[in-house]
Every structure is written in C-alpha cells, then in structure tokens.
$ cat target-v5.csv   # CSV, C-alpha atoms and all ligand atoms
chain,number,residue,atom,x,y,z
P,1,MET,CA,-20.3,-163.7,-94.4
P,2,THR,CA,-17.5,-161.6,-92.9
P,3,PRO,CA,-14.4,-161.6,-95.1
P,4,ALA,CA,-11.4,-163.6,-93.8
P,5,ARG,CA,-9.0,-161.4,-91.8
P,6,PRO,CA,-5.4,-161.1,-92.9
P,7,ILE,CA,-2.9,-163.3,-91.1
P,8,TYR,CA,-1.4,-161.2,-88.3
P,9,LEU,CA,2.4,-161.1,-88.3
P,10,ASP,CA,2.9,-157.7,-86.7
P,11,TYR,CA,3.5,-158.7,-83.1
P,12,HIS,CA,6.2,-156.1,-82.7
P,13,ALA,CA,3.6,-153.4,-83.2
P,14,THR,CA,1.2,-154.9,-80.6
P,15,THR,CA,-0.2,-158.2,-79.4
P,16,PRO,CA,-3.8,-159.2,-78.7
P,17,VAL,CA,-4.7,-159.3,-75.0
P,18,ASP,CA,-4.7,-162.9,-73.9
P,19,PRO,CA,-8.2,-164.1,-72.8
P,20,ARG,CA,-6.6,-165.2,-69.5
P,21,VAL,CA,-5.5,-161.6,-69.0
P,22,VAL,CA,-8.9,-160.2,-69.8
P,23,GLU,CA,-10.4,-162.6,-67.2
P,24,ALA,CA,-8.0,-161.3,-64.6
P,25,MET,CA,-8.8,-157.7,-65.4
P,26,LEU,CA,-12.6,-157.8,-65.7
P,27,PRO,CA,-13.6,-157.5,-62.0
P,28,TRP,CA,-11.5,-154.4,-61.7
P,29,PHE,CA,-13.6,-152.5,-64.1
P,30,THR,CA,-17.0,-153.2,-62.5
P,31,GLU,CA,-17.6,-154.5,-59.0
P,32,LYS,CA,-14.1,-153.7,-57.8
P,33,PHE,CA,-13.8,-150.2,-59.3
P,34,GLY,CA,-12.3,-148.4,-56.3
P,35,ASN,CA,-9.5,-145.8,-56.5
P,36,PRO,CA,-6.4,-147.2,-54.8
P,37,GLY,CA,-5.9,-143.7,-53.4
P,38,SER,CA,-9.1,-143.9,-51.4
P,39,VAL,CA,-7.7,-144.8,-48.0
P,40,ASN,CA,-11.0,-144.7,-46.0
P,41,HIS,CA,-13.1,-147.5,-47.4
P,42,PRO,CA,-12.8,-151.1,-48.7
P,43,TYR,CA,-13.3,-150.1,-52.3
P,44,GLY,CA,-10.0,-148.3,-52.0
P,45,TYR,CA,-8.2,-150.9,-49.9
P,46,GLU,CA,-9.0,-153.7,-52.3
P,47,ALA,CA,-7.8,-151.7,-55.3
P,48,ALA,CA,-4.6,-150.7,-53.4
P,49,GLU,CA,-4.0,-154.4,-52.5
P,50,ALA,CA,-4.4,-155.4,-56.1
P,51,VAL,CA,-1.9,-152.8,-57.2
P,52,ALA,CA,0.5,-153.9,-54.5
P,53,ARG,CA,0.2,-157.5,-55.5
P,54,ALA,CA,0.8,-156.7,-59.2
P,55,ARG,CA,3.8,-154.6,-58.2
P,56,ARG,CA,5.3,-157.5,-56.2
P,57,GLN,CA,4.7,-160.0,-59.0
P,58,ILE,CA,6.3,-157.8,-61.7
P,59,ALA,CA,9.2,-156.9,-59.4
P,60,GLU,CA,9.9,-160.6,-58.7
P,61,ILE,CA,9.9,-161.6,-62.3
P,62,LEU,CA,12.3,-158.7,-63.1
P,63,GLY,CA,14.6,-159.3,-60.2
P,64,ALA,CA,13.7,-156.0,-58.6
P,65,THR,CA,12.1,-154.9,-55.4
P,66,PRO,CA,8.5,-153.6,-55.5
P,67,ARG,CA,9.6,-150.1,-54.5
P,68,GLU,CA,11.6,-150.0,-57.7
P,69,ILE,CA,8.6,-150.3,-60.0
P,70,ILE,CA,6.8,-147.1,-61.2
P,71,PHE,CA,3.6,-147.6,-63.2
P,72,THR,CA,3.2,-145.5,-66.3
P,73,SER,CA,0.9,-145.3,-69.3
P,74,GLY,CA,3.4,-147.3,-71.4
P,75,ALA,CA,7.0,-147.4,-72.6
P,76,THR,CA,6.9,-144.0,-74.3
P,77,GLU,CA,6.2,-142.3,-70.9
P,78,ALA,CA,8.6,-144.6,-69.1
P,79,ASN,CA,11.4,-143.7,-71.6
P,80,ASN,CA,10.6,-140.0,-71.3
P,81,LEU,CA,10.5,-140.2,-67.5
P,82,ALA,CA,13.8,-142.0,-67.4
P,83,ILE,CA,15.7,-139.7,-69.7
P,84,LEU,CA,14.2,-136.3,-68.9
P,85,GLY,CA,13.7,-137.1,-65.2
P,86,LEU,CA,17.3,-138.1,-64.8
P,87,ALA,CA,18.6,-135.1,-66.8
P,88,ARG,CA,16.6,-132.7,-64.6
P,89,ARG,CA,18.2,-134.2,-61.5
P,90,THR,CA,21.8,-134.4,-62.8
P,91,PRO,CA,24.0,-131.4,-61.9
P,92,PRO,CA,26.5,-130.0,-64.4
P,93,PRO,CA,29.1,-130.8,-65.6
P,94,ARG,CA,27.3,-134.1,-66.5
P,95,ARG,CA,25.6,-133.0,-69.7
P,96,HIS,CA,26.4,-135.8,-72.2
P,97,VAL,CA,24.4,-138.7,-73.4
P,98,VAL,CA,25.6,-141.7,-75.4
P,99,LEU,CA,23.3,-143.9,-77.6
P,100,PRO,CA,23.1,-145.6,-81.0
P,101,ARG,CA,20.9,-144.3,-83.7
P,102,THR,CA,18.9,-147.5,-83.7
P,103,GLU,CA,16.9,-146.6,-80.5
P,104,HIS,CA,13.1,-146.2,-80.6
P,105,PRO,CA,11.8,-142.6,-81.3
P,106,SER,CA,10.5,-142.5,-77.7
P,107,VAL,CA,14.2,-142.5,-76.6
P,108,LEU,CA,15.7,-140.6,-79.5
P,109,ASP,CA,13.2,-137.7,-79.2
P,110,PRO,CA,13.7,-136.9,-75.5
P,111,VAL,CA,17.5,-137.1,-76.1
P,112,ARG,CA,17.2,-134.6,-79.0
P,113,SER,CA,15.2,-132.3,-76.7
P,114,LEU,CA,18.1,-132.4,-74.3
P,115,GLN,CA,20.4,-131.6,-77.2
P,116,ARG,CA,18.4,-128.5,-78.0
P,117,GLN,CA,18.9,-127.5,-74.3
P,118,GLY,CA,22.7,-127.7,-74.7
P,119,TRP,CA,23.4,-131.3,-73.9
P,120,GLN,CA,26.0,-133.1,-76.0
P,121,VAL,CA,25.2,-136.4,-77.7
P,122,SER,CA,27.6,-139.1,-79.0
P,123,TRP,CA,26.2,-141.7,-81.4
P,124,VAL,CA,27.7,-145.1,-80.9
P,125,GLU,CA,28.4,-147.1,-84.0
P,126,VAL,CA,26.4,-150.3,-84.7
P,127,ARG,CA,27.5,-153.4,-86.7
P,128,ARG,CA,26.5,-152.9,-90.3
P,129,HIS,CA,24.3,-154.8,-92.7
P,130,GLY,CA,25.9,-158.1,-93.6
P,131,HIS,CA,27.7,-158.5,-90.2
P,132,PRO,CA,26.5,-161.6,-88.2
P,133,GLN,CA,25.7,-159.2,-85.4
P,134,ALA,CA,24.1,-156.5,-87.5
P,135,GLY,CA,22.6,-153.8,-85.4
P,136,GLN,CA,24.7,-154.5,-82.2
P,137,VAL,CA,26.6,-151.7,-80.7
P,138,ASP,CA,30.4,-151.7,-81.0
P,139,LEU,CA,31.4,-151.9,-77.4
P,140,ASP,CA,34.9,-150.5,-78.1
P,141,HIS,CA,33.3,-147.5,-79.7
P,142,LEU,CA,30.9,-147.1,-76.8
P,143,GLU,CA,33.9,-147.0,-74.4
P,144,GLN,CA,35.6,-144.4,-76.6
P,145,CYS,CA,32.4,-142.3,-76.5
P,146,LEU,CA,32.2,-142.3,-72.7
P,147,ARG,CA,33.6,-139.3,-70.8
P,148,ARG,CA,34.5,-139.8,-67.2
P,149,LYS,CA,33.5,-136.3,-66.0
P,150,SER,CA,30.6,-135.5,-68.2
P,151,THR,CA,28.6,-138.5,-69.4
P,152,ALA,CA,25.4,-138.7,-67.5
P,153,LEU,CA,23.5,-141.4,-69.4
P,154,VAL,CA,23.9,-144.3,-71.8
P,155,CYS,CA,20.7,-145.5,-73.5
P,156,LEU,CA,20.6,-149.0,-75.0
P,157,MET,CA,17.5,-150.9,-75.8
P,158,LEU,CA,17.6,-154.6,-75.0
P,159,ALA,CA,15.9,-155.8,-78.3
P,160,ASN,CA,15.3,-153.8,-81.4
P,161,ASN,CA,11.7,-153.4,-82.6
P,162,GLU,CA,12.6,-153.7,-86.3
P,163,ILE,CA,15.4,-156.1,-86.7
P,164,GLY,CA,15.2,-157.9,-83.4
P,165,THR,CA,18.9,-157.4,-82.5
P,166,ILE,CA,19.6,-158.2,-78.8
P,167,GLN,CA,22.2,-155.7,-77.4
P,168,PRO,CA,25.0,-156.5,-75.0
P,169,VAL,CA,23.3,-154.5,-72.3
P,170,ALA,CA,25.1,-156.0,-69.3
P,171,GLN,CA,28.5,-155.2,-70.8
P,172,ALA,CA,27.4,-151.7,-71.7
P,173,ALA,CA,26.1,-151.2,-68.1
P,174,GLN,CA,29.5,-152.1,-66.7
P,175,LEU,CA,31.3,-149.7,-69.1
P,176,ALA,CA,28.8,-146.9,-68.2
P,177,HIS,CA,29.2,-147.4,-64.5
P,178,ARG,CA,33.0,-147.4,-64.8
P,179,HIS,CA,32.7,-143.9,-66.2
P,180,GLY,CA,30.2,-142.7,-63.5
P,181,ALA,CA,27.2,-142.8,-65.9
P,182,VAL,CA,23.8,-144.3,-65.6
P,183,LEU,CA,22.4,-147.0,-68.0
P,184,HIS,CA,18.8,-146.8,-69.2
P,185,CYS,CA,17.5,-149.8,-71.1
P,186,ASP,CA,14.3,-149.8,-73.2
P,187,ALA,CA,13.2,-153.4,-72.8
P,188,THR,CA,9.8,-153.0,-74.4
P,189,GLN,CA,10.4,-155.6,-77.2
P,190,ALA,CA,12.3,-157.9,-74.9
P,191,LEU,CA,10.0,-158.5,-72.0
P,192,GLY,CA,8.1,-161.7,-72.3
P,193,ARG,CA,10.2,-162.7,-75.3
P,194,ILE,CA,13.6,-163.3,-73.8
P,195,PRO,CA,14.6,-163.5,-70.1
P,196,VAL,CA,14.9,-160.0,-68.6
P,197,ARG,CA,16.3,-159.5,-65.1
P,198,VAL,CA,17.6,-156.1,-63.9
P,199,ASP,CA,19.9,-157.8,-61.3
P,200,GLN,CA,21.7,-159.7,-64.1
P,201,LEU,CA,21.7,-156.8,-66.6
P,202,GLN,CA,22.8,-154.4,-63.9
P,203,VAL,CA,20.8,-151.6,-65.5
P,204,ASP,CA,19.7,-148.5,-63.5
P,205,LEU,CA,16.5,-147.8,-65.4
P,206,LEU,CA,14.4,-150.2,-67.6
P,207,SER,CA,11.2,-149.5,-69.5
P,208,PHE,CA,8.4,-151.8,-70.5
P,209,SER,CA,4.9,-151.9,-71.9
P,210,ALA,CA,2.1,-154.4,-71.4
P,211,HIS,CA,0.7,-154.4,-74.9
P,212,LYS,CA,3.9,-156.1,-76.2
P,213,PHE,CA,3.3,-159.2,-74.1
P,214,TYR,CA,-0.4,-159.9,-74.4
P,215,GLY,CA,-1.4,-157.3,-71.9
P,216,PRO,CA,-3.6,-154.2,-72.4
P,217,LYS,CA,-2.5,-151.0,-74.2
P,218,GLY,CA,-1.9,-147.8,-72.2
P,219,THR,CA,-0.1,-149.6,-69.3
P,220,GLY,CA,3.6,-149.9,-68.7
P,221,GLY,CA,6.3,-149.2,-66.2
P,222,LEU,CA,9.8,-148.1,-65.4
P,223,TYR,CA,12.2,-149.9,-63.1
P,224,LEU,CA,14.2,-147.4,-61.1
P,225,ARG,CA,17.2,-148.6,-59.2
P,226,ARG,CA,16.8,-147.7,-55.5
P,227,ARG,CA,19.8,-149.6,-54.2
P,228,GLN,CA,23.5,-149.0,-53.9
P,229,PRO,CA,23.1,-145.9,-54.1
P,230,PRO,CA,19.5,-145.0,-54.9
P,231,LEU,CA,19.0,-143.2,-58.2
P,232,ARG,CA,16.8,-140.1,-58.2
P,233,LEU,CA,14.5,-138.7,-60.9
P,234,GLU,CA,12.5,-135.5,-61.2
P,235,PRO,CA,8.9,-136.3,-62.1
P,236,LEU,CA,7.4,-135.2,-65.4
P,237,LEU,CA,3.8,-135.2,-64.0
P,238,TYR,CA,3.0,-133.4,-60.8
P,239,GLY,CA,-0.2,-133.7,-58.8
P,240,GLY,CA,-1.4,-136.2,-56.2
P,241,GLY,CA,2.1,-137.6,-55.5
P,242,HIS,CA,1.3,-141.1,-56.7
P,243,GLU,CA,4.1,-143.7,-57.3
P,244,ASN,CA,6.4,-142.2,-54.6
P,245,ARG,CA,5.9,-138.7,-56.0
P,246,LEU,CA,7.4,-139.8,-59.3
P,247,ARG,CA,4.2,-140.2,-61.4
P,248,SER,CA,1.1,-138.4,-60.3
P,249,GLY,CA,-2.3,-139.6,-61.7
P,250,THR,CA,-4.9,-142.2,-60.6
P,251,LEU,CA,-3.6,-145.6,-61.2
P,252,ASN,CA,-5.0,-147.8,-64.0
P,253,VAL,CA,-6.0,-150.7,-61.8
P,254,PRO,CA,-7.4,-153.1,-64.4
P,255,GLY,CA,-4.4,-152.3,-66.6
P,256,ILE,CA,-1.9,-152.9,-63.9
P,257,VAL,CA,-3.6,-156.2,-62.8
P,258,GLY,CA,-3.6,-157.3,-66.4
P,259,MET,CA,0.0,-156.4,-67.0
P,260,ALA,CA,1.1,-158.5,-64.0
P,261,ARG,CA,-1.0,-161.5,-65.2
P,262,ALA,CA,0.3,-161.1,-68.7
P,263,LEU,CA,3.9,-161.0,-67.5
P,264,GLN,CA,3.4,-164.1,-65.4
P,265,LEU,CA,2.0,-166.0,-68.3
P,266,ALA,CA,4.7,-164.9,-70.7
P,267,ALA,CA,7.4,-165.8,-68.1
P,268,GLU,CA,5.9,-169.3,-67.6
P,269,GLU,CA,5.6,-170.0,-71.3
P,270,LEU,CA,8.8,-168.3,-72.4
P,271,PRO,CA,11.3,-171.2,-73.0
P,272,ARG,CA,8.9,-173.3,-75.0
P,273,GLU,CA,7.4,-170.4,-76.8
P,274,ALA,CA,10.8,-168.9,-77.8
P,275,ASN,CA,11.8,-172.3,-79.4
P,276,ARG,CA,8.5,-172.6,-81.2
P,277,LEU,CA,8.7,-169.0,-82.6
P,278,ALA,CA,12.3,-169.4,-83.7
P,279,GLY,CA,11.3,-172.6,-85.5
P,280,LEU,CA,8.4,-170.9,-87.3
P,281,ARG,CA,10.5,-167.8,-88.1
P,282,ASN,CA,13.3,-169.9,-89.6
P,283,ARG,CA,10.8,-171.8,-91.7
P,284,LEU,CA,9.4,-168.6,-93.0
P,285,TRP,CA,12.9,-167.4,-94.0
P,286,GLU,CA,13.6,-170.8,-95.7
P,287,LEU,CA,10.4,-170.6,-97.7
P,288,LEU,CA,11.0,-167.0,-98.8
P,289,GLN,CA,14.5,-168.0,-100.0
P,290,GLN,CA,13.2,-171.0,-101.8
P,291,GLU,CA,10.7,-168.9,-103.7
P,292,LEU,CA,12.7,-165.8,-104.3
P,293,GLY,CA,16.4,-166.8,-104.2
P,294,GLU,CA,18.4,-163.6,-104.5
P,295,GLY,CA,15.3,-161.5,-104.6
P,296,VAL,CA,15.1,-161.5,-100.8
P,297,VAL,CA,17.8,-160.3,-98.5
P,298,LEU,CA,18.0,-160.8,-94.7
P,299,HIS,CA,18.2,-157.6,-92.6
P,300,GLY,CA,19.6,-157.8,-89.1
P,301,PRO,CA,21.6,-160.4,-87.2
P,302,GLU,CA,22.0,-164.1,-88.0
P,303,LEU,CA,19.0,-166.3,-87.4
P,304,SER,CA,20.9,-169.3,-86.1
P,305,ARG,CA,22.2,-167.7,-82.8
P,306,PRO,CA,19.3,-167.1,-80.3
P,307,GLU,CA,21.5,-164.8,-78.2
P,308,LEU,CA,21.6,-162.3,-81.1
P,309,ARG,CA,18.0,-162.0,-82.2
P,310,LEU,CA,14.4,-162.1,-80.9
P,311,PRO,CA,13.0,-165.5,-81.7
P,312,GLY,CA,9.8,-164.2,-83.6
P,313,ASN,CA,11.5,-161.5,-85.6
P,314,LEU,CA,12.3,-161.5,-89.3
P,315,ASN,CA,13.1,-158.4,-91.4
P,316,CYS,CA,13.9,-158.7,-95.1
P,317,GLY,CA,14.5,-156.5,-98.2
P,318,PHE,CA,13.2,-157.1,-101.7
P,319,PRO,CA,15.6,-155.2,-104.0
P,320,GLY,CA,13.9,-153.6,-107.0
P,321,VAL,CA,10.4,-153.7,-105.4
P,322,ASP,CA,8.4,-150.7,-104.4
P,323,GLY,CA,8.0,-151.1,-100.7
P,324,ASP,CA,4.7,-149.1,-100.4
P,325,ALA,CA,3.1,-151.0,-103.3
P,326,LEU,CA,4.2,-154.3,-101.7
P,327,LEU,CA,2.7,-153.5,-98.3
P,328,ALA,CA,-0.5,-152.2,-100.0
P,329,ALA,CA,-0.9,-155.3,-102.1
P,330,LEU,CA,-0.2,-157.6,-99.1
P,331,ALA,CA,-2.6,-155.8,-96.8
P,332,PRO,CA,-5.7,-157.9,-97.5
P,333,GLN,CA,-3.8,-161.2,-96.9
P,334,LEU,CA,-1.1,-160.3,-94.4
P,335,ALA,CA,-0.7,-157.8,-91.6
P,336,VAL,CA,3.0,-156.9,-91.6
P,337,SER,CA,4.8,-153.6,-91.6
P,338,SER,CA,7.6,-151.9,-93.2
P,339,GLY,CA,10.6,-151.2,-91.0
P,340,SER,CA,9.1,-147.8,-90.0
P,341,ALA,CA,5.8,-148.8,-88.7
P,342,CYS,CA,6.4,-148.2,-85.0
P,343,SER,CA,6.1,-144.5,-85.3
P,344,THR,CA,2.7,-143.6,-86.6
P,345,ALA,CA,3.0,-139.8,-87.2
P,346,GLU,CA,5.3,-139.7,-90.2
P,347,PRO,CA,6.0,-143.0,-92.0
P,348,GLU,CA,9.6,-142.2,-92.8
P,349,PRO,CA,11.9,-144.9,-94.2
P,350,SER,CA,13.4,-146.9,-91.4
P,351,HIS,CA,16.1,-145.0,-89.4
P,352,VAL,CA,17.2,-148.4,-88.0
P,353,LEU,CA,18.0,-149.9,-91.5
P,354,ARG,CA,19.6,-146.6,-92.5
P,355,ALA,CA,21.9,-146.9,-89.4
P,356,LEU,CA,22.9,-150.3,-90.7
P,357,ARG,CA,24.1,-148.5,-93.9
P,358,LEU,CA,21.7,-150.4,-96.1
P,359,PRO,CA,21.3,-148.9,-99.6
P,360,GLU,CA,18.3,-146.5,-99.6
P,361,GLU,CA,16.4,-148.4,-102.2
P,362,GLN,CA,16.5,-151.5,-100.0
P,363,VAL,CA,15.5,-149.6,-96.9
P,364,ARG,CA,12.4,-148.6,-98.8
P,365,ALA,CA,11.6,-152.1,-99.9
P,366,SER,CA,11.6,-154.0,-96.6
P,367,LEU,CA,9.1,-155.9,-94.5
P,368,ARG,CA,9.2,-156.6,-90.8
P,369,PHE,CA,7.5,-159.8,-89.7
P,370,GLY,CA,6.7,-160.3,-86.0
P,371,LEU,CA,5.5,-163.8,-85.0
P,372,GLY,CA,3.7,-164.4,-81.8
P,373,ARG,CA,1.6,-166.5,-79.5
P,374,PHE,CA,-1.3,-167.0,-81.9
P,375,THR,CA,0.9,-167.6,-85.0
P,376,THR,CA,0.3,-171.2,-86.2
P,377,GLN,CA,2.3,-173.6,-88.4
P,378,GLU,CA,-0.3,-173.1,-91.1
P,379,HIS,CA,0.2,-169.3,-91.2
P,380,ILE,CA,3.9,-169.7,-92.3
P,381,PRO,CA,3.5,-171.2,-95.8
P,382,ALA,CA,0.5,-169.0,-96.5
P,383,ALA,CA,2.4,-165.9,-95.5
P,384,ALA,CA,5.5,-166.9,-97.6
P,385,GLN,CA,3.4,-167.7,-100.6
P,386,ALA,CA,1.5,-164.3,-100.3
P,387,VAL,CA,4.8,-162.4,-100.1
P,388,ALA,CA,6.5,-164.4,-103.0
P,389,ARG,CA,3.5,-164.1,-105.3
P,390,THR,CA,3.2,-160.3,-104.7
P,391,VAL,CA,7.0,-159.7,-105.1
P,392,LYS,CA,6.9,-161.6,-108.4
P,393,GLN,CA,4.0,-159.5,-109.6
P,394,LEU,CA,5.7,-156.3,-108.7
P,395,ALA,CA,9.1,-157.3,-110.0
P,396,PRO,CA,8.5,-159.6,-113.0
P,397,GLY,CA,11.5,-161.8,-113.7
P,398,ARG,CA,11.9,-162.8,-110.0
P,401,LIG,C1,11.3,-150.5,-78.5
P,401,LIG,C2,10.1,-149.7,-78.1
P,401,LIG,N1,10.1,-148.8,-77.2
P,401,LIG,C3,9.1,-148.1,-76.9
P,401,LIG,C4,7.8,-148.3,-77.5
P,401,LIG,C5,6.7,-147.4,-77.1
P,401,LIG,O1,5.8,-148.2,-76.3
P,401,LIG,P1,4.3,-147.7,-75.9
P,401,LIG,O2,3.5,-148.1,-77.1
P,401,LIG,O3,4.0,-148.4,-74.7
P,401,LIG,O4,4.4,-146.2,-75.7
P,401,LIG,C6,7.7,-149.3,-78.4
P,401,LIG,C7,6.4,-149.6,-79.1
P,401,LIG,O5,6.2,-149.3,-80.2
P,401,LIG,C8,8.9,-150.0,-78.8
P,401,LIG,O6,8.8,-151.0,-79.7
$ encode --input "target-v5.csv" --output "structure tokens"
Amino acid sequence: MTPARPIYLDYHATTPVDPRVVEAMLPWFTEKFGNPGSVNHPYGYEAAEAVARARRQIAEILGATPREIIFTSGATEANNLAILGLARRTPPPRRHVVLPRTEHPSVLDPVRSLQRQGWQVSWVEVRRHGHPQAGQVDLDHLEQCLRRKSTALVCLMLANNEIGTIQPVAQAAQLAHRHGAVLHCDATQALGRIPVRVDQLQVDLLSFSAHKFYGPKGTGGLYLRRRQPPLRLEPLLYGGGHENRLRSGTLNVPGIVGMARALQLAAEELPREANRLAGLRNRLWELLQQELGEGVVLHGPELSRPELRLPGNLNCGFPGVDGDALLAALAPQLAVSSGSACSTAEPEPSHVLRALRLPEEQVRASLRFGLGRFTTQEHIPAAAQAVARTVKQLAPGR
C-alpha cells in the first residue's frame, strides 16, 4: 500500500495542472507538434494558429491587446525582461528605481544588478506587522521617493507570495506616471486568484506564470504596453526574432495552449472560488487560535477585508517554536512552507517578514499556508490539528 500523501497547502509555491488543462495540451505534444515558426507547411500553420488563439484569449482576460503579450519561460524571465529590458532602453539621466523590500527575488535581484551598474534605488516603506494593512506600501512615502527627472521605474507586485498582501497598484501607477516613470507589476500570485486587468490597473508592464493558476511549469508571459505611447524594451535573448524580436526562442506551444486554457478556467471560477477559499482560510485561522490561543500570531493584513489579502493565504508565527523543527515534523502530514520557500537556492529567513519588522525569532518560526482548488473542507481541521499537535510537542506548555 502506498503511504498517504501529506495534505497539500502550498499553493503559492505551485499548483497541480488541472486535468482539463492537460487535455487541452495533449495534442500539441504529439500529432500537432509543429514549430509555429515553420511558415511553409500545415504543421507550422496549425501551431502558429494555436499560439495566436492563446494570445488573444490571454489578452482579452487581461484587458490587453494580443500584440502586448510576450510569451516567456515564466515570471522570473518576465520580471528580468521587464526590469533589465527597460533599463537598457532608458537613456540617462533616468537611473533610479523605486520598490519595496517585499518584492520577489526575481524582481529584487535584477534591481540589485542595476544598482551594481550605478543605478540608484529607493526602498519604499511598507505597513508594519500589526497594522491592518501589513505589507502594503505607504503611498505617501512612495510619492516622496519619486524623482521627476531621474526615476525610470517603480516595481510593485500585485499580491505577495508570503503574506498575500494586495498592493494599491493602480494608485502607485498614477503616481509613477505623474513623475514620468514606468510601473512594472509582478502579478504572478494574483492572476487567477483576484481580478487582474491592465486597463484598470494602468500598469505598463505585468508579469505572470502559468504554474500558479493550474497551468504547466516553465510557461509565463509579460504584458508590455504598446499604446499611448508604446513602451520599448531591449531583449535579453537574441536569436530568431520571435515575439516581435523581444524574446527569441522556439515557442512552447503545449505550454502556451495550456496557460490560456488554465487562465480561462480560473477566470470563470474566480468569484465562487475566491469566496470558498476565504471561508476555508478563515476557518483554519479560527481553529489554530482555538487550539493555540496566544501561541499563534497572524502575519500580514487583516483576514476580514478581501481587498487587502489573497483569499487562500494565511501566514502565522509560533513564538518560541523552532521553525525548522516545526516544518520537518509536519512534513509527513502537511505540505506547507516557511515564509522563505519561494527561493530555493538559499533558504534564508523571510525577507518579507523582516521588512514588516517582525522580531527575528518570530520570522524564523513561521508557516505559510496556501489553499487552492483541490483543498477540501476536510483538509482544514486535519491541518489545524496537525499544526497544533506539533507546536504543543515542540513548545510544551502551549
Ligand atoms: C511573486 C512571484 N514572482 C515571481 C515568481 C517566479 O515565477 P516562476 O516560477 O514562473 O519563475 C514567483 C514564484 O515563485 C512568485 O511567487
């Protein structure tokens, strides 16, 4: 008999591919395997048509035009293309970037590489731990950071991957534009979970990744504004001139078809699913509080206001508990992560929780729960009991 698998509550790390998405993808691996760049035969035409259809579907859901969608290998590449591609096209004296410390490493690291090349960086303050809007940028401080002559770029993610904070991106975009800067939004955790439309957010660049919304890994995209006036990027990859010369490389046809199908499904199911997940997440928090009382602390924004936090996100601290021991003891029962799990190379304590000025000890004793499409009502008490039992074992007296 195969042992029971742990309950999966790590939907911010990745999601399983929905069987309906697999079904849409399958023909594009085998009988319809053509290269969309092959312009002389039907194998190529049908693949090119499938990519064009997917591009139209994705653009429509995002409120963009098909020409504004660039397919990439995921959000890491899209973020790098947005930041470095824009920087390489921006003439001096614009050599200044503004962002909070709570961004994903795939945004922070390209910005740091610009800093090494002489760019200036201003770090916008975020609301601290305990504030109802914990993790949100302080828009007044953002305005103070902007420099009319030199700010080229503001980076602001739509939803945080650790604490689920939803940022006031539309207001930030207005401020950036007023100062002649461009706004790049990493919407990787938001797409499929909350409504995302570039025409409403008024962003100039927006990154996304299929594996966060029940599509395949290794497929994503970047929205690039091409209207009023068109924004220009320098490519990072040179070669066959694919994607309007912005991203050379043979297109991942099954991945792109799957991403479009996954986004359609997520958009259709979003209102109902967001309510369901928020209900399950709130129940999980209630049960943890009942079991542990003051032994559990909420990290991130209030749970009661859907405009502040992703519906399936919960992040909590367990003061006095060794976080690594907690994760290790939970692993056979529960697949969750500490705040730091999104970057695999060096499991450092969470830079997001640190930016909220949480005590270091609590940063190291935190769990991030991500609930998703295949989370059931039965999973919630089982998860709460597993966490409470383990915390009590590790910190007797709780
Ligand atoms: C907010 C955010 N941005 C970017 C990424 C990177 O996405 P990808 O895995 O597609 O490179 C992730 C995923 O971990 C993420 O959560």
$ residues_around --input "target-v5.csv" --residues "range 186-200 of chain P" --least-positions-apart "3" --cutoff "7 Å" --atoms "only C-alpha atoms" --output "ChimeraX atom specification"
/P:12,62-64,75,79,156-161,203,206-209,212-213,263,266-267,270,274
$ closest_residue --input "target-v5.csv" --among "P:Gly37, P:Pro349, P:Gly130, P:Gly164" --to "ligand LIG 401 (chain P)" --atoms "only C-alpha atoms and all ligand atoms"
P:Gly164
$ residues_around --input "target-v5.csv" --residues "Asp18 in chain P" --least-positions-apart "5" --cutoff "8 Å" --atoms "all atoms listed in the file" --output "list in words"
Tyr214, Gly215 and Ala262 of chain P
$ closest_residue --input "target-v5.csv" --among "P:Arg127, P:Arg261, P:Lys32, P:His379" --to "Leu284 in chain P" --atoms "all atoms listed in the file"
P:His379
$ residues_near_point --input "target-v5.csv" --point "(-11.5, -160.4, -95.3)" --cutoff "12 Å" --atoms "only C-alpha atoms" --output "PDB file with C-alpha atoms, in the coordinates of the input"
ATOM      1  CA  MET P   1     -20.300-163.700 -94.400  1.00  0.00           C
ATOM      2  CA  THR P   2     -17.500-161.600 -92.900  1.00  0.00           C
ATOM      3  CA  PRO P   3     -14.400-161.600 -95.100  1.00  0.00           C
ATOM      4  CA  ALA P   4     -11.400-163.600 -93.800  1.00  0.00           C
ATOM      5  CA  ARG P   5      -9.000-161.400 -91.800  1.00  0.00           C
ATOM      6  CA  PRO P   6      -5.400-161.100 -92.900  1.00  0.00           C
ATOM      7  CA  ILE P   7      -2.900-163.300 -91.100  1.00  0.00           C
ATOM      8  CA  ALA P 331      -2.600-155.800 -96.800  1.00  0.00           C
ATOM      9  CA  PRO P 332      -5.700-157.900 -97.500  1.00  0.00           C
ATOM     10  CA  GLN P 333      -3.800-161.200 -96.900  1.00  0.00           C
ATOM     11  CA  LEU P 334      -1.100-160.300 -94.400  1.00  0.00           C
ATOM     12  CA  ALA P 335      -0.700-157.800 -91.600  1.00  0.00           C
TER      13      ALA P 335
END
$ residues_near_point --input "target-v5.csv" --point "(13.6, -164.3, -104.5)" --cutoff "10 Å" --atoms "only C-alpha atoms" --output "list in words"
Leu287, Leu288, Gln289, Gln290, Glu291, Leu292, Gly293, Glu294, Gly295, Val296, Val297, Phe318, Pro319, Ala388, Val391, Lys392, Ala395, Gly397 and Arg398 of chain P
$ atom_distance --input "target-v5.csv" --atom1 "CA of Ala59 in chain P" --atom2 "CA of Glu103 in chain P"
24.7 Å
$ closest_residue --input "target-v5.csv" --among "P:Val21, P:Val111, P:Leu224, P:Leu153" --to "Pro66 in chain P" --atoms "all atoms listed in the file"
P:Leu224
$ residues_around --input "target-v5.csv" --residues "range 357-361 of chain P" --least-positions-apart "5" --cutoff "8 Å" --atoms "all atoms listed in the file" --output "JSON, numbers by chain"
{"P": [128, 129, 319, 320]}
$ atom_distance --input "target-v5.csv" --atom1 "CA of Leu222 in chain P" --atom2 "CA of Ala134 in chain P"
27.6 Å
$ residues_around --input "target-v5.csv" --residues "Arg101 in chain P" --least-positions-apart "3" --cutoff "10 Å" --atoms "all atoms listed in the file" --output "VMD selection string"
chain P and resid 98 104 to 105 107 to 108 122 to 126 135 137 156 351 to 352 354 to 356
